[in-house]
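So this one's target.txt, compact mmCIF, C-alpha atoms:
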```
# COMPACT_ATOMS: atom_id res chain seq x y z
CA MET A 10 -20.26 1.32 -12.62
CA PRO A 11 -23.21 -0.03 -14.69
CA ASN A 12 -25.90 -2.13 -12.93
CA ARG A 13 -25.16 -5.81 -12.98
CA SER A 14 -27.70 -8.40 -14.06
CA GLN A 15 -29.38 -10.57 -11.44
CA PHE A 16 -27.40 -13.54 -12.62
CA THR A 17 -24.04 -11.74 -12.31
CA THR A 18 -25.02 -10.44 -8.88
CA LEU A 19 -25.89 -13.97 -7.76
CA LEU A 20 -22.49 -15.21 -8.86
CA ALA A 21 -20.80 -12.39 -7.01
CA LEU A 22 -22.76 -13.12 -3.82
CA LEU A 23 -21.87 -16.77 -4.09
CA ALA A 24 -18.22 -15.77 -4.40
CA LEU A 25 -18.64 -13.56 -1.33
CA GLY A 26 -20.00 -16.42 0.70
CA ALA A 27 -17.52 -18.99 -0.54
CA ALA A 28 -14.65 -20.30 1.51
CA ALA A 29 -11.88 -17.75 2.09
CA CYS A 30 -10.03 -16.95 -1.11
CA GLY A 31 -6.72 -18.34 0.07
CA THR A 32 -5.01 -20.98 2.13
CA SER A 33 -2.21 -20.92 4.64
CA SER A 34 0.31 -23.42 5.91
CA THR A 35 -0.22 -21.89 9.35
CA SER A 36 -3.27 -23.68 10.74
CA SER A 37 -4.95 -23.85 7.37
CA SER A 38 -7.07 -26.92 8.08
CA GLY A 39 -10.03 -27.32 10.39
CA GLN A 40 -11.82 -24.69 12.45
CA ALA A 41 -11.16 -23.11 15.81
CA SER A 42 -13.52 -25.57 17.49
CA GLY A 43 -15.57 -24.29 20.41
CA CYS A 44 -14.36 -20.69 20.18
CA THR A 45 -16.56 -18.11 21.88
CA GLY A 46 -16.12 -14.37 22.15
CA THR A 47 -14.88 -11.49 20.01
CA VAL A 48 -11.49 -10.90 18.40
CA THR A 49 -10.53 -7.33 17.52
CA VAL A 50 -8.47 -6.27 14.51
CA ALA A 51 -7.92 -2.79 13.10
CA THR A 52 -7.17 -0.73 10.03
CA GLU A 53 -5.01 2.41 10.16
CA LEU A 54 -5.30 4.31 6.86
CA PRO A 55 -5.98 7.80 5.45
CA VAL A 56 -9.72 7.57 4.75
CA SER A 57 -10.63 11.25 4.57
CA GLY A 58 -9.20 14.39 3.00
CA ASN A 59 -6.95 14.39 -0.04
CA ASP A 60 -5.80 10.79 0.45
CA ALA A 61 -9.29 9.29 0.73
CA SER A 62 -9.24 8.02 -2.86
CA ASP A 63 -6.31 5.82 -1.78
CA GLY A 64 -7.35 5.00 1.75
CA VAL A 65 -11.03 4.16 1.38
CA PRO A 66 -10.64 1.43 -1.30
CA THR A 67 -7.74 -0.01 0.70
CA GLN A 68 -9.82 -0.09 3.88
CA ASN A 69 -12.65 -1.69 1.91
CA GLY A 70 -10.39 -4.59 0.98
CA ALA A 71 -9.55 -5.26 4.63
CA VAL A 72 -13.18 -4.95 5.72
CA LEU A 73 -14.27 -7.39 3.01
CA ALA A 74 -11.85 -10.00 4.42
CA VAL A 75 -13.37 -9.60 7.90
CA ASP A 76 -16.93 -9.77 6.60
CA GLN A 77 -16.19 -12.96 4.68
CA ALA A 78 -14.48 -14.55 7.69
CA ASN A 79 -17.50 -13.83 9.88
CA THR A 80 -19.92 -15.08 7.21
CA ASN A 81 -17.89 -18.25 6.76
CA HIS A 82 -17.43 -18.78 10.53
CA THR A 83 -13.68 -18.97 10.01
CA LEU A 84 -13.14 -18.73 13.77
CA ASN A 85 -16.08 -21.10 14.47
CA GLY A 86 -18.04 -19.26 17.11
CA CYS A 87 -15.71 -16.33 17.64
CA THR A 88 -16.55 -13.11 15.81
CA LEU A 89 -14.14 -10.58 14.33
CA THR A 90 -14.72 -6.89 14.88
CA VAL A 91 -12.82 -4.04 13.20
CA ILE A 92 -11.65 -0.74 14.61
CA SER A 93 -11.03 1.73 11.78
CA LYS A 94 -8.55 4.56 12.39
CA ASP A 95 -8.00 7.55 10.08
CA ASP A 96 -4.51 9.06 9.98
CA THR A 97 -5.63 12.16 8.09
CA SER A 98 -5.39 15.27 10.25
CA ALA A 99 -7.15 18.62 10.07
CA ALA A 100 -3.73 20.29 10.00
CA THR A 101 -2.62 18.63 6.77
CA GLY A 102 -5.86 17.55 5.10
CA ALA A 103 -3.99 14.35 4.26
CA HIS A 104 -1.96 11.58 5.92
CA ASP A 105 -0.12 12.80 9.02
CA PRO A 106 2.59 10.83 10.89
CA THR A 107 1.66 12.56 14.16
CA GLN A 108 -1.96 11.47 13.81
CA GLY A 109 -0.82 7.99 12.86
CA ALA A 110 1.34 7.73 15.98
CA SER A 111 -1.60 8.83 18.12
CA ASN A 112 -3.82 6.23 16.48
CA MET A 113 -1.26 3.48 17.04
CA THR A 114 -0.85 4.47 20.68
CA ALA A 115 -4.61 4.05 21.11
CA LEU A 116 -4.62 0.69 19.31
CA THR A 117 -1.70 -0.74 21.29
CA GLY A 118 -3.34 0.45 24.51
CA ASN A 119 -6.45 -1.54 23.65
CA GLN A 120 -5.42 -5.02 24.74
CA ALA A 121 -8.18 -6.59 22.63
CA VAL A 122 -6.48 -5.56 19.36
CA VAL A 123 -4.26 -8.34 17.99
CA GLY A 124 -3.45 -7.14 14.45
CA VAL A 125 -3.50 -4.01 12.29
CA VAL A 126 -3.66 -3.51 8.52
CA GLY A 127 -1.76 -0.28 7.85
CA ALA A 128 -0.40 2.20 7.49
CA PHE A 129 -0.60 3.39 3.88
CA ASN A 130 2.20 5.97 3.68
CA SER A 131 5.82 5.29 4.61
CA SER A 132 6.15 8.37 6.83
CA VAL A 133 3.20 7.13 8.89
CA CYS A 134 4.55 3.58 9.00
CA GLU A 135 7.84 4.97 10.30
CA ALA A 136 6.07 6.95 13.03
CA GLU A 137 4.00 3.95 14.13
CA GLN A 138 6.50 1.12 14.03
CA THR A 139 8.26 1.62 17.35
CA ILE A 140 4.94 2.02 19.17
CA ALA A 141 3.59 -1.24 17.73
CA ASN A 142 6.87 -3.07 18.28
CA ASP A 143 6.98 -2.11 21.96
CA ALA A 144 3.51 -3.61 22.32
CA ASP A 145 4.24 -6.74 20.21
CA LEU A 146 1.36 -5.79 17.92
CA VAL A 147 1.48 -6.97 14.31
CA MET A 148 1.23 -4.37 11.54
CA ILE A 149 0.90 -5.48 7.91
CA SER A 150 1.15 -2.59 5.47
CA PRO A 151 -0.44 -2.94 2.04
CA SER A 152 1.59 -0.08 0.58
CA CYS A 153 4.45 1.39 2.68
CA THR A 154 7.38 0.93 0.31
CA ASN A 155 10.41 2.77 1.76
CA PRO A 156 13.14 0.12 2.19
CA GLY A 157 14.51 1.75 5.34
CA LEU A 158 11.43 0.60 7.24
CA THR A 159 12.79 -2.96 7.20
CA ILE A 160 16.25 -3.10 5.61
CA SER A 161 19.11 -1.70 7.68
CA GLY A 162 21.43 0.61 5.75
CA SER A 163 19.06 1.09 2.82
CA ASN A 164 18.05 4.62 3.83
CA SER A 165 20.55 6.86 5.60
CA SER A 166 17.77 8.93 7.16
CA ILE A 167 16.17 5.95 8.94
CA ASP A 168 17.74 3.98 11.78
CA THR A 169 15.94 0.73 11.06
CA SER A 170 17.06 -0.97 14.27
CA SER A 171 15.47 1.82 16.35
CA LEU A 172 12.09 0.89 14.86
CA ARG A 173 12.41 -2.55 16.50
CA PRO A 174 13.33 -1.89 20.15
CA THR A 175 12.24 -5.39 21.20
CA GLY A 176 14.34 -7.05 18.50
CA LYS A 177 11.25 -8.81 17.15
CA ILE A 178 9.78 -8.30 13.70
CA THR A 179 6.26 -6.92 14.15
CA PHE A 180 6.06 -4.86 10.95
CA PHE A 181 5.37 -6.73 7.72
CA ARG A 182 4.35 -5.60 4.24
CA VAL A 183 2.76 -7.25 1.22
CA CYS A 184 4.11 -4.67 -1.26
CA THR A 185 7.43 -4.45 -3.07
CA THR A 186 9.92 -1.96 -1.62
CA ASP A 187 11.16 1.14 -3.41
CA ILE A 188 14.43 -0.61 -4.17
CA GLY A 189 12.46 -2.59 -6.71
CA GLN A 190 10.08 0.22 -7.60
CA GLY A 191 12.94 2.67 -8.25
CA ALA A 192 14.63 0.19 -10.52
CA GLY A 193 11.37 -0.48 -12.34
CA LEU A 194 10.68 3.23 -12.79
CA ALA A 195 14.18 3.81 -14.18
CA GLN A 196 13.62 0.97 -16.62
CA VAL A 197 10.31 2.50 -17.72
CA ALA A 198 12.01 5.88 -18.20
CA THR A 199 14.95 4.69 -20.25
CA LYS A 200 13.54 1.63 -22.04
CA THR A 201 9.82 2.32 -22.44
CA LEU A 202 9.74 6.11 -22.68
CA LYS A 203 13.25 6.40 -24.19
CA ASP A 204 14.00 9.45 -22.03
CA THR A 205 17.52 10.09 -20.75
CA LYS A 206 17.33 13.61 -19.25
CA ALA A 207 15.29 13.79 -16.07
CA TYR A 208 14.45 16.55 -13.62
CA VAL A 209 13.55 14.96 -10.29
CA PHE A 210 11.16 16.33 -7.65
CA ASP A 211 10.41 14.94 -4.19
CA ASP A 212 7.97 16.03 -1.46
CA GLN A 213 10.44 15.83 1.45
CA GLU A 214 8.62 12.85 3.00
CA THR A 215 10.01 9.42 3.84
CA TYR A 216 8.36 7.80 0.82
CA GLY A 217 8.97 10.56 -1.72
CA GLN A 218 12.61 11.21 -0.84
CA GLY A 219 13.44 7.52 -0.76
CA LEU A 220 11.76 6.79 -4.09
CA ALA A 221 13.43 9.77 -5.77
CA ALA A 222 16.83 8.66 -4.46
CA THR A 223 16.51 5.10 -5.73
CA PHE A 224 15.14 6.30 -9.07
CA LYS A 225 18.09 8.66 -9.58
CA THR A 226 20.61 5.91 -8.82
CA ASP A 227 19.02 3.41 -11.18
CA PHE A 228 18.26 5.99 -13.86
CA VAL A 229 21.93 6.98 -14.06
CA ALA A 230 22.97 3.31 -14.03
CA ASP A 231 20.65 2.75 -17.00
CA GLY A 232 22.34 5.52 -18.97
CA GLY A 233 20.21 8.51 -17.98
CA THR A 234 21.29 11.94 -16.76
CA VAL A 235 19.67 13.82 -13.88
CA VAL A 236 19.73 17.43 -15.09
CA GLY A 237 18.32 18.89 -11.89
CA THR A 238 16.49 18.22 -8.64
CA ALA A 239 14.01 19.97 -6.35
CA SER A 240 13.02 18.84 -2.85
CA LEU A 241 9.96 20.83 -1.74
CA PRO A 242 7.52 20.46 1.16
CA GLY A 243 4.18 18.82 0.54
CA SER A 244 2.38 22.10 1.13
CA THR A 245 3.92 23.58 -2.05
CA THR A 246 1.39 24.67 -4.68
CA ASP A 247 3.56 26.62 -7.12
CA PHE A 248 6.23 24.64 -8.97
CA THR A 249 6.67 26.97 -11.94
CA SER A 250 10.12 28.22 -10.92
CA GLU A 251 11.53 24.70 -10.72
CA LEU A 252 9.74 23.61 -13.90
CA THR A 253 11.12 26.64 -15.74
CA GLN A 254 14.58 25.56 -14.64
CA ALA A 255 13.86 22.01 -15.83
CA LYS A 256 12.85 23.40 -19.22
CA SER A 257 16.05 25.44 -19.39
CA ASP A 258 18.07 22.35 -18.46
CA GLY A 259 16.61 20.43 -21.39
CA ALA A 260 14.70 17.86 -19.34
CA THR A 261 12.80 15.31 -21.43
CA LEU A 262 11.25 13.73 -18.32
CA ILE A 263 9.83 15.09 -15.08
CA PHE A 264 9.96 12.55 -12.25
CA PHE A 265 8.00 13.04 -9.03
CA GLY A 266 8.71 11.17 -5.82
CA GLY A 267 5.72 11.83 -3.60
CA THR A 268 1.96 11.67 -3.33
CA SER A 269 -0.89 13.34 -5.16
CA SER A 270 -1.87 15.13 -1.97
CA ASN A 271 1.63 16.64 -1.91
CA GLY A 272 1.58 18.13 -5.39
CA GLY A 273 1.88 15.34 -7.96
CA GLY A 274 -1.12 16.41 -10.02
CA ILE A 275 -0.32 20.10 -9.63
CA ILE A 276 3.15 19.60 -11.10
CA ARG A 277 1.67 17.80 -14.09
CA LYS A 278 -0.83 20.62 -14.72
CA GLN A 279 1.78 23.36 -14.34
CA MET A 280 4.07 21.59 -16.81
CA GLY A 281 1.55 22.48 -19.51
CA ASP A 282 1.27 26.04 -18.27
CA ILE A 283 4.96 26.74 -19.00
CA GLY A 284 5.31 24.77 -22.22
CA LEU A 285 6.33 21.34 -20.92
CA GLY A 286 3.05 19.65 -21.76
CA SER A 287 4.68 17.28 -24.24
CA VAL A 288 7.43 16.27 -21.81
CA ALA A 289 6.96 12.88 -20.16
CA PHE A 290 5.80 12.72 -16.53
CA LEU A 291 6.53 9.71 -14.32
CA GLY A 292 5.86 8.89 -10.67
CA GLY A 293 5.43 6.02 -8.26
CA ASP A 294 2.38 4.60 -6.52
CA GLY A 295 1.92 7.79 -4.50
CA ILE A 296 0.16 9.38 -7.47
CA GLN A 297 -1.89 6.35 -8.51
CA ASP A 298 -5.26 7.69 -7.37
CA THR A 299 -8.16 9.85 -8.50
CA GLN A 300 -6.76 12.86 -6.60
CA PHE A 301 -4.01 13.08 -9.23
CA PHE A 302 -6.57 13.75 -11.96
CA THR A 303 -8.56 16.12 -9.74
CA GLU A 304 -5.43 18.29 -9.56
CA ALA A 305 -3.98 17.66 -13.05
CA GLY A 306 -7.20 17.76 -15.04
CA THR A 307 -6.83 16.70 -18.66
CA ALA A 308 -3.05 17.14 -18.36
CA GLY A 309 -3.07 13.90 -16.36
CA ASP A 310 -3.62 11.94 -19.55
CA GLY A 311 -0.31 10.57 -20.79
CA ALA A 312 1.32 10.50 -17.36
CA TYR A 313 2.81 7.22 -16.13
CA SER A 314 2.97 5.68 -12.68
CA THR A 315 3.95 2.38 -11.14
CA VAL A 316 2.27 0.52 -8.29
CA ALA A 317 4.14 -1.80 -5.94
CA ALA A 318 1.43 -4.41 -6.22
CA PRO A 319 -0.08 -6.67 -8.86
CA ASN A 320 -3.19 -5.68 -10.80
CA PRO A 321 -6.00 -7.92 -9.45
CA ALA A 322 -7.89 -7.71 -12.75
CA ASP A 323 -4.91 -9.42 -14.39
CA LEU A 324 -4.69 -12.28 -11.87
CA SER A 325 -6.76 -15.46 -11.97
CA SER A 326 -6.14 -15.80 -8.23
CA ALA A 327 -8.05 -12.54 -7.67
CA THR A 328 -11.18 -13.30 -9.73
CA ALA A 329 -13.36 -14.17 -6.71
CA PHE A 330 -12.02 -11.18 -4.77
CA VAL A 331 -12.79 -8.72 -7.57
CA SER A 332 -16.34 -10.08 -7.93
CA ALA A 333 -16.96 -9.95 -4.18
CA TYR A 334 -15.53 -6.43 -3.92
CA LYS A 335 -17.73 -5.13 -6.74
CA ALA A 336 -20.80 -6.81 -5.22
CA LYS A 337 -20.22 -5.24 -1.82
CA PHE A 338 -18.97 -1.77 -2.74
CA GLY A 339 -20.43 -1.22 -6.22
CA THR A 340 -17.11 -0.31 -7.81
CA ALA A 341 -13.84 -1.88 -8.92
CA PRO A 342 -11.07 -2.37 -6.34
CA GLY A 343 -8.44 0.33 -5.84
CA ALA A 344 -4.72 -0.10 -6.42
CA TYR A 345 -4.13 -1.55 -2.95
CA SER A 346 -7.52 -3.10 -2.14
CA ALA A 347 -6.33 -6.62 -2.89
CA ASN A 348 -3.15 -6.07 -0.89
CA ALA A 349 -5.19 -5.01 2.13
CA TYR A 350 -7.57 -7.94 1.61
CA ASP A 351 -4.72 -10.43 1.71
CA ALA A 352 -3.04 -8.59 4.59
CA MET A 353 -6.18 -8.90 6.72
CA ASN A 354 -6.70 -12.52 5.69
CA ILE A 355 -3.13 -13.28 6.76
CA ILE A 356 -3.87 -11.77 10.17
CA ILE A 357 -7.10 -13.77 10.38
CA GLN A 358 -5.29 -17.01 9.55
CA ALA A 359 -2.68 -16.17 12.19
CA ILE A 360 -5.45 -15.58 14.74
CA LYS A 361 -7.07 -18.87 13.80
CA GLY A 362 -3.78 -20.69 14.33
CA ALA A 363 -3.31 -19.06 17.74
CA ILE A 364 -6.78 -20.15 18.82
CA GLN A 365 -6.27 -23.70 17.59
CA SER A 366 -2.96 -23.94 19.42
CA ASN A 367 -4.83 -22.89 22.57
CA GLY A 368 -7.26 -25.80 22.41
CA GLY A 369 -9.79 -23.96 20.27
CA LYS A 370 -10.37 -21.15 22.74
CA LEU A 371 -9.25 -17.54 22.94
CA PRO A 372 -6.00 -17.09 24.86
CA THR A 373 -6.74 -15.38 28.17
CA SER A 374 -3.48 -13.43 28.17
CA PRO A 375 -3.51 -10.49 25.71
CA SER A 376 0.29 -10.53 25.45
CA THR A 377 0.33 -14.26 24.75
CA PHE A 378 -2.34 -13.83 22.08
CA ARG A 379 -0.47 -11.00 20.35
CA GLU A 380 2.80 -12.92 20.34
CA ALA A 381 1.14 -16.03 18.92
CA VAL A 382 -0.40 -13.96 16.11
CA ARG A 383 2.93 -12.27 15.41
CA ALA A 384 4.79 -15.58 15.23
CA ASN A 385 2.17 -17.09 12.94
CA VAL A 386 2.33 -14.13 10.56
CA ALA A 387 6.13 -14.36 10.42
CA SER A 388 6.00 -18.01 9.35
CA ILE A 389 2.94 -17.90 7.11
CA HIS A 390 2.75 -19.15 3.52
CA TYR A 391 -0.52 -17.76 2.25
CA SER A 392 -2.14 -18.21 -1.17
CA GLY A 393 -4.56 -15.37 -1.75
CA ALA A 394 -5.83 -12.81 -4.22
CA ILE A 395 -2.41 -11.33 -5.05
CA GLY A 396 -0.67 -14.70 -5.24
CA THR A 397 1.42 -16.54 -2.68
CA THR A 398 2.76 -14.44 0.16
CA SER A 399 5.45 -15.29 2.67
CA PHE A 400 7.83 -12.99 4.52
CA ASP A 401 11.61 -12.89 4.68
CA SER A 402 13.62 -12.29 7.84
CA ASN A 403 13.02 -8.52 7.56
CA GLY A 404 9.24 -8.86 7.26
CA ASP A 405 9.23 -8.10 3.53
CA THR A 406 7.10 -10.04 1.08
CA THR A 407 8.71 -12.58 -1.21
CA ASN A 408 5.95 -11.91 -3.79
CA LYS A 409 7.54 -9.04 -5.74
CA LEU A 410 5.52 -7.58 -8.56
CA LEU A 411 5.21 -4.09 -10.00
CA THR A 412 2.55 -2.76 -12.36
CA LEU A 413 2.77 0.08 -14.87
CA TRP A 414 -0.19 2.42 -15.41
CA LYS A 415 -0.91 5.29 -17.83
CA GLY A 416 -3.29 8.20 -17.53
CA SER A 417 -6.05 8.01 -20.11
CA GLY A 418 -9.48 9.64 -20.11
CA GLY A 419 -9.04 10.99 -16.60
CA GLN A 420 -8.15 7.68 -15.00
CA TRP A 421 -5.29 5.24 -14.63
CA THR A 422 -5.30 2.39 -17.14
CA TYR A 423 -3.25 -0.77 -16.74
CA VAL A 424 -0.29 -1.21 -19.10
CA SER A 425 1.80 -4.17 -17.93
CA THR A 426 3.23 -6.16 -15.01
CA LEU A 427 6.92 -6.10 -14.16
CA THR A 428 8.76 -8.61 -11.98
CA VAL A 429 11.44 -7.03 -9.81
CA SER A 430 14.42 -8.70 -8.19
CA SER A 431 14.65 -6.56 -5.04
```
This entry written out as structure tokens:
Amino acid sequence: MPNRSQFTTLLALLALGAAACGTSSTSSSGQASGCTGTVTVATELPVSGNDASDGVPTQNGAVLAVDQANTNHTLNGCTLTVISKDDTSAATGAHDPTQGASNMTALTGNQAVVGVVGAFNSSVCEAEQTIANDADLVMISPSCTNPGLTISGSNSSIDTSSLRPTGKITFFRVCTTDIGQGAGLAQVATKTLKDTKAYVFDDQETYGQGLAATFKTDFVADGGTVVGTASLPGSTTDFTSELTQAKSDGATLIFFGGTSSNGGGIIRKQMGDIGLGSVAFLGGDGIQDTQFFTEAGTAGDGAYSTVAAPNPADLSSATAFVSAYKAKFGTAPGAYSANAYDAMNIIIQAIKGAIQSNGGKLPTSPSTFREAVRANVASIHYSGAIGTTSFDSNGDTTNKLLTLWKGSGGQWTYVSTLTVSS
């Protein structure tokens, strides 16, 4: 990013030090008077390896919220500290549900931790949910979109009730589910791109398989035809056989349900290698990162993706957040930075409410503290960078927006915002 003038930097620093960029109906007035001590929160995201271009900007958003709260003395005497966990493993070089489960076991075992922003990928969220639920520890995901994580019967491969052994809702998310994203992608395919013959890939993960399934259903409902499918493991690096079949089948669109670290950019590059370079390529938020262009190269230009979150640059409510983020990190926010920022601020507001309800002091019982935070999150009505967030009875956000992006010049450029009904 270019250097900012002293005047612009001053404005950004003022925005950073301003009152929190949002309000909440849960203990939104006053301060936690007389609070002393430290409150621990955490992030659980893929911040190294092939998913780092997703995970690091997302973590930055959460960290910014904590820094602002400490600067503004939001907890009036009590200080927030962050534990940052990385769910990338050496075995995969990317997000790993086994590593995520290990991280969540460590976080739940630390009685000081009262809230977690994460995970990023649906397979990791699935692996972590039961562990967090058993410990009554709040998780707010900025980006896990598989509907089966919260909505019973929406994904035949997930027993949603088993993720909530206590019967309580401890998993929340500030992103739209793939029910809405699949419908939006199908609309983009048939209405925007005017393509009616799709070959559909998925990466065999919770997110990729679920997104591909919902896309296929909605694509057919919108008048499209699925000419073929391929479900391949994320370790796959050669897709030419399947792409050759797609070419033979007359596909005018290649759809990919999965992440860049599991082959999204490779598929796009290999399309050109076998003569499908002019065929449209479409995917969900799993490919909306710089890793996609690292793998696809110049073939990434012209690809489309959706993100289950609003574009902060297009929201007046996010102006202060964007300025503060650029001032602190020297770059623009990532696709889910604002989501993570609001997720952490929601946890902070819930903590503040728990302290105020305890006479302005930290609850001495860790289990009581966690339950108070959980209950406050469940009932919150928070106005923040991405708009107004509240949660339904499943823990899903009521703020449902989807954004469409297009590859151009080796990066994703914003096209439009879509409102989804599910």
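Take CA of Leu158 in chain A and CA of Ala322 in chain A: the distance between them is 29.0 Å.
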Could you build a table of the residues in range 310-333 of chain A lying no more than 12 Å from range 369-393 of chain A, giving for each the nearest pair of atoms and their separation in Å rounded to one decimal place, using only C-alpha atoms, ordered by chain and ascending residue number, as a Markdown table?
```
| residue | atom | partner | partner_atom | distance |
| --- | --- | --- | --- | --- |
| A:Pro321 | CA | A:Gly393 | CA | 10.8 |
| A:Leu324 | CA | A:Gly393 | CA | 10.6 |
| A:Ser325 | CA | A:Gly393 | CA | 10.5 |
| A:Ser326 | CA | A:Gly393 | CA | 6.7 |
| A:Ala327 | CA | A:Gly393 | CA | 7.4 |
| A:Thr328 | CA | A:Gly393 | CA | 10.6 |
| A:Ala329 | CA | A:Gly393 | CA | 10.2 |
| A:Phe330 | CA | A:Gly393 | CA | 9.1 |
```
Per-axis box centre and lengths in Å around range 170-177 of chain A, 3 Å margin per side, axis-aligned, as AutoDock Vina command-line options:
```
--center_x 14.2 --center_y -3.5 --center_z 17.7 --size_x 11.8 --size_y 16.6 --size_z 12.9
```
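Closest approach to Thr117 in chain A from the set A:Thr97, A:Thr205, A:Thr422, A:Gln138 is made by A:Gln138, with distances taken over only C-alpha atoms.
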Fill in: Residues within 12 Å of Phe248 in chain A, only C-alpha atoms, excluding chain neighbours under 6 positions, as number ranges by chain
A: 210-212, 239-242, 254-255, 263, 265, 271-283
Any chance you can output those residues with C-alpha atoms as a PDB file, keeping the file's coordinate frame?
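Saved file again14.pdb follows:
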```pdb
ATOM      1  CA  PHE A 210      11.160  16.330  -7.650  1.00  0.00           C
ATOM      2  CA  ASP A 211      10.410  14.940  -4.190  1.00  0.00           C
ATOM      3  CA  ASP A 212       7.970  16.030  -1.460  1.00  0.00           C
ATOM      4  CA  ALA A 239      14.010  19.970  -6.350  1.00  0.00           C
ATOM      5  CA  SER A 240      13.020  18.840  -2.850  1.00  0.00           C
ATOM      6  CA  LEU A 241       9.960  20.830  -1.740  1.00  0.00           C
ATOM      7  CA  PRO A 242       7.520  20.460   1.160  1.00  0.00           C
ATOM      8  CA  GLN A 254      14.580  25.560 -14.640  1.00  0.00           C
ATOM      9  CA  ALA A 255      13.860  22.010 -15.830  1.00  0.00           C
ATOM     10  CA  ILE A 263       9.830  15.090 -15.080  1.00  0.00           C
ATOM     11  CA  PHE A 265       8.000  13.040  -9.030  1.00  0.00           C
ATOM     12  CA  ASN A 271       1.630  16.640  -1.910  1.00  0.00           C
ATOM     13  CA  GLY A 272       1.580  18.130  -5.390  1.00  0.00           C
ATOM     14  CA  GLY A 273       1.880  15.340  -7.960  1.00  0.00           C
ATOM     15  CA  GLY A 274      -1.120  16.410 -10.020  1.00  0.00           C
ATOM     16  CA  ILE A 275      -0.320  20.100  -9.630  1.00  0.00           C
ATOM     17  CA  ILE A 276       3.150  19.600 -11.100  1.00  0.00           C
ATOM     18  CA  ARG A 277       1.670  17.800 -14.090  1.00  0.00           C
ATOM     19  CA  LYS A 278      -0.830  20.620 -14.720  1.00  0.00           C
ATOM     20  CA  GLN A 279       1.780  23.360 -14.340  1.00  0.00           C
ATOM     21  CA  MET A 280       4.070  21.590 -16.810  1.00  0.00           C
ATOM     22  CA  GLY A 281       1.550  22.480 -19.510  1.00  0.00           C
ATOM     23  CA  ASP A 282       1.270  26.040 -18.270  1.00  0.00           C
ATOM     24  CA  ILE A 283       4.960  26.740 -19.000  1.00  0.00           C
TER      25      ILE A 283
END
```
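In this comparison, which uses all atoms listed in the file, the residue of A:Leu252, A:Met148, A:Cys153, A:Cys134 approaching Leu116 in chain A most closely is A:Met148.
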Practice prompt. Could you jot down the CA of Asp401 in chain A to CA of Thr154 in chain A separation for me, Å, one decimal place?
Written response: 15.1 Å
Discussion item. Excluding range 183-199 of chain A and its own-chain neighbours fewer than 4 positions away, which residues fall within 8 Å of it when counting all atoms listed in the file? Please give them as an MDAnalysis selection string.
Written reply: chainID A and resid 149:156 203:205 219:221 223:225 227:228 231:233 262 291:293 315:318 348 352 398 405:406 408:411 427 429:431
Determine, counting only C-alpha atoms, every residue of protein, DNA or RNA that lies within 12 Å of (-16.6, -24.0, 16.4) in the file coordinates, then give the result as an mmCIF file with C-alpha atoms, in the frame of the given file.
```
data_model
loop_
_atom_site.group_PDB
_atom_site.id
_atom_site.type_symbol
_atom_site.label_atom_id
_atom_site.label_comp_id
_atom_site.auth_asym_id
_atom_site.auth_seq_id
_atom_site.Cartn_x
_atom_site.Cartn_y
_atom_site.Cartn_z
ATOM 1 C CA GLY A 39 -10.030 -27.320 10.390
ATOM 2 C CA GLN A 40 -11.820 -24.690 12.450
ATOM 3 C CA ALA A 41 -11.160 -23.110 15.810
ATOM 4 C CA SER A 42 -13.520 -25.570 17.490
ATOM 5 C CA GLY A 43 -15.570 -24.290 20.410
ATOM 6 C CA CYS A 44 -14.360 -20.690 20.180
ATOM 7 C CA THR A 45 -16.560 -18.110 21.880
ATOM 8 C CA GLY A 46 -16.120 -14.370 22.150
ATOM 9 C CA ASN A 81 -17.890 -18.250 6.760
ATOM 10 C CA HIS A 82 -17.430 -18.780 10.530
ATOM 11 C CA THR A 83 -13.680 -18.970 10.010
ATOM 12 C CA LEU A 84 -13.140 -18.730 13.770
ATOM 13 C CA ASN A 85 -16.080 -21.100 14.470
ATOM 14 C CA GLY A 86 -18.040 -19.260 17.110
ATOM 15 C CA CYS A 87 -15.710 -16.330 17.640
ATOM 16 C CA THR A 88 -16.550 -13.110 15.810
ATOM 17 C CA LYS A 361 -7.070 -18.870 13.800
ATOM 18 C CA ILE A 364 -6.780 -20.150 18.820
ATOM 19 C CA GLN A 365 -6.270 -23.700 17.590
ATOM 20 C CA GLY A 368 -7.260 -25.800 22.410
ATOM 21 C CA GLY A 369 -9.790 -23.960 20.270
ATOM 22 C CA LYS A 370 -10.370 -21.150 22.740
ATOM 23 C CA LEU A 371 -9.250 -17.540 22.940
#
```
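Counting from CA of Asn142 in chain A, the distance to CA of Arg182 in chain A is 14.5 Å.
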Worksheet item: Of the candidates A:Gly396, A:Pro342, A:Gly419, A:Pro319, which shows the shortest atom-to-atom distance to Glu304 in chain A, using only C-alpha atoms?
Response: A:Gly419
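When all atoms listed in the file are used to compute distances to Thr261 in chain A, the closest of the residues A:Gly286, A:Thr249, A:Gly64, A:Ser244 turns out to be A:Gly286.
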Practice prompt. May I have the protein, DNA and RNA residues with any atom at most 9 Å from the point (-9.3, 9.1, -16.8), counting all atoms listed in the file, written as JSON, numbers by chain?
Written response: {"A": [299, 302, 307, 309, 310, 416, 417, 418, 419, 420, 421, 422]}
How would the residues just picked look written out with C-alpha atoms as a compact mmCIF listing (two decimals), in the coordinates of the input?
```
# COMPACT_ATOMS: atom_id res chain seq x y z
CA THR A 299 -8.16 9.85 -8.50
CA PHE A 302 -6.57 13.75 -11.96
CA THR A 307 -6.83 16.70 -18.66
CA GLY A 309 -3.07 13.90 -16.36
CA ASP A 310 -3.62 11.94 -19.55
CA GLY A 416 -3.29 8.20 -17.53
CA SER A 417 -6.05 8.01 -20.11
CA GLY A 418 -9.48 9.64 -20.11
CA GLY A 419 -9.04 10.99 -16.60
CA GLN A 420 -8.15 7.68 -15.00
CA TRP A 421 -5.29 5.24 -14.63
CA THR A 422 -5.30 2.39 -17.14
```
